[in-house]
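*Asks:* Structure below; questions to follow.
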Amino acid sequence: MKKQVILAAICLTTVSIFYTSCKKKDTTTTPTPAANAPAGPTLYTRVGGTTMVQDPKAPAGTMIEKGRLTLRSVVDSAIYVIAADASINGYFTVLLQEVTAGNTTGFAALSENFTDFLCGATGATNSAYLYGGKSMKDAHDPAYTNRITQKVDNADFTQFVNDIGTALAKNGVTTSNNAQLVTDLVALLNTTRSTIVQR
Ligand code: HEM
């Protein structure tokens, strides 16, 4: 597994070079922020919003919304953390075996799709940034995708969210310096728990 993690890290760098985020998406399955979301700026605005900045992983002049850049950075960090987490990385055997074999296609797709999902869920409105993939139920049910080895249980969901917390901290967002943002992002992830936990 250590070798796989190292390869995943190498491939992440490779993937990022080719990363694109400007596709028009089918938005029919785009999640909406929780109905009871607090008034005030959306989570997307709070993580950077629509201010355009240079994409640090793309050629000069390639711009990206700051909110998407923040979420993509967290997703990419989370993939590292989860790949190294022996308690849950068994769900990702297909991905890790691909990466070990030098095939980064699935890795790039997961990075983009997870980022798209979070953009939509936090309140992004840029149609190029919205998730158009499988429903969260089907994406986590081996009956509908061959990319997950088994259905997710509740404890593993909790561990996955913990790993995203670690990824947030790697990007400078911690319970010490931004407790409310961490709390609100974790709460958002938890809105998917009852759909994704299927055993
Ligand atoms: C916290 C809430 C979660 C969200 C929002 C989420 C979101 C996603 C998304 C958007 C995809 C890509 C689906 C597609 O492209 O069709 C995905 C794939 C996947 N998720 Fe989750 N997920 C969550 C929790 C989990 C948990 C708890 C596990 C296992 C412990 C898990 C395991 C997987 C696996 C194995 C894949 C396939 C990866 C691949 O393409 O190789 N997810 N998830």
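Here, A, B, ... name the chains of the structure tokens in the order displayed, residue numbers run from 1 inside each chain, and ligands are numbered from 1 in the same displayed order.
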Give me the residues near Ser77 of chain A as number ranges by chain, where near means some atom within 9 Å (using only C-alpha atoms) and where sequence neighbours in that chain fewer than 5 positions away do not count.

*Replies:* A: 72, 82, 164, 166-168, 170-171

*Asks:* Can I get the selection written as a PDB file, in the first residue's frame, with N, CA and C atoms?

*Replies:*
```
ATOM      1  N   ARG A  72     -10.942  22.440  -4.667  1.00  0.00           N
ATOM      2  CA  ARG A  72     -10.104  21.476  -5.404  1.00  0.00           C
ATOM      3  C   ARG A  72      -8.846  21.130  -4.610  1.00  0.00           C
ATOM      4  N   ILE A  82      -6.719   9.968   2.215  1.00  0.00           N
ATOM      5  CA  ILE A  82      -7.529   8.743   2.187  1.00  0.00           C
ATOM      6  C   ILE A  82      -6.721   7.578   1.602  1.00  0.00           C
ATOM      7  N   ILE A 164     -11.256  14.254   5.574  1.00  0.00           N
ATOM      8  CA  ILE A 164     -11.446  15.544   4.901  1.00  0.00           C
ATOM      9  C   ILE A 164     -11.104  16.682   5.865  1.00  0.00           C
ATOM     10  N   THR A 166      -8.733  16.504   8.028  1.00  0.00           N
ATOM     11  CA  THR A 166      -7.266  16.557   7.943  1.00  0.00           C
ATOM     12  C   THR A 166      -6.848  17.318   6.687  1.00  0.00           C
ATOM     13  N   ALA A 167      -7.562  17.068   5.598  1.00  0.00           N
ATOM     14  CA  ALA A 167      -7.247  17.765   4.337  1.00  0.00           C
ATOM     15  C   ALA A 167      -7.515  19.263   4.461  1.00  0.00           C
ATOM     16  N   LEU A 168      -8.585  19.623   5.151  1.00  0.00           N
ATOM     17  CA  LEU A 168      -8.853  21.056   5.383  1.00  0.00           C
ATOM     18  C   LEU A 168      -7.688  21.685   6.149  1.00  0.00           C
ATOM     19  N   LYS A 170      -4.639  20.737   6.219  1.00  0.00           N
ATOM     20  CA  LYS A 170      -3.471  20.840   5.333  1.00  0.00           C
ATOM     21  C   LYS A 170      -3.570  22.080   4.449  1.00  0.00           C
ATOM     22  N   ASN A 171      -4.785  22.590   4.293  1.00  0.00           N
ATOM     23  CA  ASN A 171      -4.996  23.791   3.480  1.00  0.00           C
ATOM     24  C   ASN A 171      -5.262  25.023   4.355  1.00  0.00           C
TER      25      ASN A 171
END
```

*Asks:* Considering only C-alpha atoms and all ligand atoms, tabulate each residue of chain A that lies at most 7 Å from ligand 1 along with its nearest interatomic pair and the corresponding distance in Å to one decimal; arrange the rows by chain and ascending residue number and present them as JSON lines.

*Replies:*
```
{"residue": "A:Ile88", "atom": "CA", "partner": "ligand 1", "partner_atom_place_in_ligand_line": "30 (C)", "distance": 5.4}
{"residue": "A:Tyr91", "atom": "CA", "partner": "ligand 1", "partner_atom_place_in_ligand_line": "35 (C)", "distance": 4.6}
{"residue": "A:Phe92", "atom": "CA", "partner": "ligand 1", "partner_atom_place_in_ligand_line": "35 (C)", "distance": 4.3}
{"residue": "A:Val94", "atom": "CA", "partner": "ligand 1", "partner_atom_place_in_ligand_line": "41 (O)", "distance": 5.9}
{"residue": "A:Leu95", "atom": "CA", "partner": "ligand 1", "partner_atom_place_in_ligand_line": "41 (O)", "distance": 4.3}
{"residue": "A:Gly106", "atom": "CA", "partner": "ligand 1", "partner_atom_place_in_ligand_line": "40 (O)", "distance": 5.6}
{"residue": "A:Phe107", "atom": "CA", "partner": "ligand 1", "partner_atom_place_in_ligand_line": "41 (O)", "distance": 6.6}
{"residue": "A:Ala109", "atom": "CA", "partner": "ligand 1", "partner_atom_place_in_ligand_line": "15 (O)", "distance": 6.4}
{"residue": "A:Leu110", "atom": "CA", "partner": "ligand 1", "partner_atom_place_in_ligand_line": "40 (O)", "distance": 5.0}
{"residue": "A:Asn113", "atom": "CA", "partner": "ligand 1", "partner_atom_place_in_ligand_line": "10 (C)", "distance": 5.0}
{"residue": "A:Phe114", "atom": "CA", "partner": "ligand 1", "partner_atom_place_in_ligand_line": "10 (C)", "distance": 4.0}
{"residue": "A:Phe117", "atom": "CA", "partner": "ligand 1", "partner_atom_place_in_ligand_line": "10 (C)", "distance": 5.3}
{"residue": "A:Leu118", "atom": "CA", "partner": "ligand 1", "partner_atom_place_in_ligand_line": "5 (C)", "distance": 6.8}
{"residue": "A:Gly133", "atom": "CA", "partner": "ligand 1", "partner_atom_place_in_ligand_line": "16 (O)", "distance": 4.9}
{"residue": "A:Lys134", "atom": "CA", "partner": "ligand 1", "partner_atom_place_in_ligand_line": "16 (O)", "distance": 4.7}
{"residue": "A:Met136", "atom": "CA", "partner": "ligand 1", "partner_atom_place_in_ligand_line": "7 (C)", "distance": 6.5}
{"residue": "A:Ala139", "atom": "CA", "partner": "ligand 1", "partner_atom_place_in_ligand_line": "13 (C)", "distance": 4.9}
{"residue": "A:His140", "atom": "CA", "partner": "ligand 1", "partner_atom_place_in_ligand_line": "20 (N)", "distance": 5.9}
{"residue": "A:Arg147", "atom": "CA", "partner": "ligand 1", "partner_atom_place_in_ligand_line": "37 (C)", "distance": 4.7}
{"residue": "A:Ile148", "atom": "CA", "partner": "ligand 1", "partner_atom_place_in_ligand_line": "35 (C)", "distance": 3.9}
{"residue": "A:Thr149", "atom": "CA", "partner": "ligand 1", "partner_atom_place_in_ligand_line": "35 (C)", "distance": 6.7}
{"residue": "A:Val152", "atom": "CA", "partner": "ligand 1", "partner_atom_place_in_ligand_line": "29 (C)", "distance": 5.4}
{"residue": "A:Asp156", "atom": "CA", "partner": "ligand 1", "partner_atom_place_in_ligand_line": "30 (C)", "distance": 5.0}
{"residue": "A:Phe157", "atom": "CA", "partner": "ligand 1", "partner_atom_place_in_ligand_line": "27 (C)", "distance": 3.6}
{"residue": "A:Thr158", "atom": "CA", "partner": "ligand 1", "partner_atom_place_in_ligand_line": "27 (C)", "distance": 6.9}
{"residue": "A:Phe160", "atom": "CA", "partner": "ligand 1", "partner_atom_place_in_ligand_line": "27 (C)", "distance": 4.9}
{"residue": "A:Val161", "atom": "CA", "partner": "ligand 1", "partner_atom_place_in_ligand_line": "1 (C)", "distance": 5.6}
{"residue": "A:Leu189", "atom": "CA", "partner": "ligand 1", "partner_atom_place_in_ligand_line": "1 (C)", "distance": 4.7}
{"residue": "A:Asn190", "atom": "CA", "partner": "ligand 1", "partner_atom_place_in_ligand_line": "1 (C)", "distance": 6.4}
{"residue": "A:Thr192", "atom": "CA", "partner": "ligand 1", "partner_atom_place_in_ligand_line": "2 (C)", "distance": 5.6}
{"residue": "A:Arg193", "atom": "CA", "partner": "ligand 1", "partner_atom_place_in_ligand_line": "2 (C)", "distance": 6.5}
{"residue": "A:Ile196", "atom": "CA", "partner": "ligand 1", "partner_atom_place_in_ligand_line": "24 (C)", "distance": 6.4}
```

*Asks:* May I ask which of the residues A:Val182, A:Ala143, A:Ala39, A:Ala78 is the closest one to Gln198 of chain A, counting only C-alpha atoms?

*Replies:*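 With only C-alpha atoms as the atom set, the closest residue is A:Ala143.
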
*Asks:* What does the distance from atom CA of Gly172 of chain A to atom CA of Leu69 of chain A come to in Å, to one decimal?

*Replies:*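 That distance, rounded to one decimal, is 13.5 Å.
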
*Asks:* Could you give me the residues within chain A that DSSP places in strand (DSSP E), as a list in words?

*Replies:*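 So, restricting chain A to strand (DSSP E), we get Met52, Val53, Gln54, Met63, Ile64 and Glu65 of chain A.
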
*Asks:* Store the residues picked out above, limited to N, CA and C atoms, as a CSV table (one decimal), in the first residue's frame.

*Replies:*
```csv
chain,number,residue,atom,x,y,z
A,52,MET,N,-11.8,35.8,-9.5
A,52,MET,CA,-11.0,35.0,-10.4
A,52,MET,C,-9.5,35.2,-10.0
A,53,VAL,N,-8.8,34.0,-10.0
A,53,VAL,CA,-7.4,34.0,-9.6
A,53,VAL,C,-6.7,33.1,-10.6
A,54,GLN,N,-5.4,33.3,-10.7
A,54,GLN,CA,-4.6,32.4,-11.6
A,54,GLN,C,-4.7,31.0,-11.0
A,63,MET,N,-7.5,31.2,-15.6
A,63,MET,CA,-8.1,31.7,-14.3
A,63,MET,C,-9.1,30.6,-13.8
A,64,ILE,N,-9.3,30.7,-12.5
A,64,ILE,CA,-10.2,29.8,-11.8
A,64,ILE,C,-10.8,30.6,-10.6
A,65,GLU,N,-12.1,30.3,-10.3
A,65,GLU,CA,-12.7,31.0,-9.2
A,65,GLU,C,-12.0,30.5,-7.9
```

*Asks:* Which of segment 58-104 of chain A counts as alpha helix (DSSP H) under DSSP, as a JSON list (two decimals) with N, CA and C atoms, in the first residue's frame please?

*Replies:*
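Generated file (selection.json):
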```json
[["chain", "number", "residue", "atom", "x", "y", "z"],
["A", 66, "LYS", "N", -11.80, 31.49, -7.02],
["A", 66, "LYS", "CA", -11.08, 31.18, -5.79],
["A", 66, "LYS", "C", -11.80, 30.10, -4.98],
["A", 67, "GLY", "N", -13.13, 30.13, -4.99],
["A", 67, "GLY", "CA", -13.87, 29.11, -4.24],
["A", 67, "GLY", "C", -13.59, 27.72, -4.78],
["A", 68, "ARG", "N", -13.59, 27.58, -6.10],
["A", 68, "ARG", "CA", -13.31, 26.26, -6.68],
["A", 68, "ARG", "C", -11.86, 25.85, -6.39],
["A", 69, "LEU", "N", -10.96, 26.81, -6.47],
["A", 69, "LEU", "CA", -9.56, 26.48, -6.20],
["A", 69, "LEU", "C", -9.40, 25.94, -4.77],
["A", 70, "THR", "N", -10.05, 26.60, -3.82],
["A", 70, "THR", "CA", -9.97, 26.12, -2.43],
["A", 70, "THR", "C", -10.50, 24.70, -2.32],
["A", 71, "LEU", "N", -11.68, 24.47, -2.90],
["A", 71, "LEU", "CA", -12.30, 23.14, -2.78],
["A", 71, "LEU", "C", -11.47, 22.09, -3.51],
["A", 72, "ARG", "N", -10.94, 22.44, -4.67],
["A", 72, "ARG", "CA", -10.10, 21.48, -5.40],
["A", 72, "ARG", "C", -8.85, 21.13, -4.61],
["A", 73, "SER", "N", -8.27, 22.12, -3.96],
["A", 73, "SER", "CA", -7.07, 21.87, -3.16],
["A", 73, "SER", "C", -7.39, 20.93, -2.01],
["A", 74, "VAL", "N", -8.56, 21.13, -1.40],
["A", 74, "VAL", "CA", -8.96, 20.26, -0.29],
["A", 74, "VAL", "C", -9.21, 18.84, -0.81],
["A", 75, "VAL", "N", -9.89, 18.72, -1.94],
["A", 75, "VAL", "CA", -10.15, 17.40, -2.53],
["A", 75, "VAL", "C", -8.84, 16.69, -2.84],
["A", 76, "ASP", "N", -7.92, 17.40, -3.47],
["A", 76, "ASP", "CA", -6.65, 16.75, -3.83],
["A", 76, "ASP", "C", -5.89, 16.31, -2.58],
["A", 77, "SER", "N", -5.90, 17.16, -1.56],
["A", 77, "SER", "CA", -5.27, 16.76, -0.29],
["A", 77, "SER", "C", -5.98, 15.55, 0.30],
["A", 78, "ALA", "N", -7.32, 15.57, 0.22],
["A", 78, "ALA", "CA", -8.10, 14.47, 0.80],
["A", 78, "ALA", "C", -7.79, 13.15, 0.11],
["A", 79, "ILE", "N", -7.55, 13.19, -1.19],
["A", 79, "ILE", "CA", -7.23, 11.94, -1.89],
["A", 79, "ILE", "C", -5.90, 11.38, -1.37],
["A", 80, "TYR", "N", -4.94, 12.24, -1.13],
["A", 80, "TYR", "CA", -3.68, 11.79, -0.51],
["A", 80, "TYR", "C", -3.96, 11.14, 0.85],
["A", 81, "VAL", "N", -4.72, 11.87, 1.68],
["A", 81, "VAL", "CA", -4.95, 11.40, 3.05],
["A", 81, "VAL", "C", -5.69, 10.06, 3.04],
["A", 82, "ILE", "N", -6.72, 9.97, 2.22],
["A", 82, "ILE", "CA", -7.53, 8.74, 2.19],
["A", 82, "ILE", "C", -6.72, 7.58, 1.60],
["A", 83, "ALA", "N", -5.91, 7.87, 0.58],
["A", 83, "ALA", "CA", -5.09, 6.80, 0.00],
["A", 83, "ALA", "C", -4.13, 6.21, 1.03],
["A", 93, "THR", "N", -9.73, 0.38, -4.03],
["A", 93, "THR", "CA", -8.78, -0.55, -4.65],
["A", 93, "THR", "C", -8.68, -0.37, -6.16],
["A", 94, "VAL", "N", -9.80, -0.16, -6.81],
["A", 94, "VAL", "CA", -9.79, 0.01, -8.27],
["A", 94, "VAL", "C", -8.91, 1.20, -8.64],
["A", 95, "LEU", "N", -9.15, 2.32, -7.97],
["A", 95, "LEU", "CA", -8.39, 3.54, -8.24],
["A", 95, "LEU", "C", -6.90, 3.33, -7.97],
["A", 96, "LEU", "N", -6.59, 2.75, -6.81],
["A", 96, "LEU", "CA", -5.18, 2.59, -6.43],
["A", 96, "LEU", "C", -4.46, 1.62, -7.36],
["A", 97, "GLN", "N", -5.16, 0.60, -7.80],
["A", 97, "GLN", "CA", -4.52, -0.33, -8.75],
["A", 97, "GLN", "C", -4.27, 0.34, -10.09],
["A", 98, "GLU", "N", -5.20, 1.19, -10.52],
["A", 98, "GLU", "CA", -5.00, 1.93, -11.78],
["A", 98, "GLU", "C", -3.76, 2.81, -11.67],
["A", 99, "VAL", "N", -3.70, 3.54, -10.56],
["A", 99, "VAL", "CA", -2.59, 4.47, -10.37],
["A", 99, "VAL", "C", -1.27, 3.71, -10.33],
["A", 100, "THR", "N", -1.26, 2.58, -9.65],
["A", 100, "THR", "CA", -0.06, 1.77, -9.58],
["A", 100, "THR", "C", 0.39, 1.34, -10.98]]
```

*Asks:* Given the choices A:Leu130, A:Pro41, A:Asp163, A:Pro142, which gets closest to Ala84 of chain A if the distance is worked out from only C-alpha atoms?

*Replies:*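 Of the candidates, the smallest distance to Ala84 of chain A is held by A:Asp163.
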
*Asks:* Report as a PyMOL selection string all protein, DNA and RNA residues lying within 7 Å of segment 42-46 of chain A, evaluated on only C-alpha atoms, omitting residues in the same chain fewer than 3 positions from it.

*Replies:* chain A and resi 49+67+119+122-124

*Asks:* To one decimal in Å, tell me the separation between atom CA of Ser87 of chain A and atom CA of Asn146 of chain A.

*Replies:* 20.1 Å
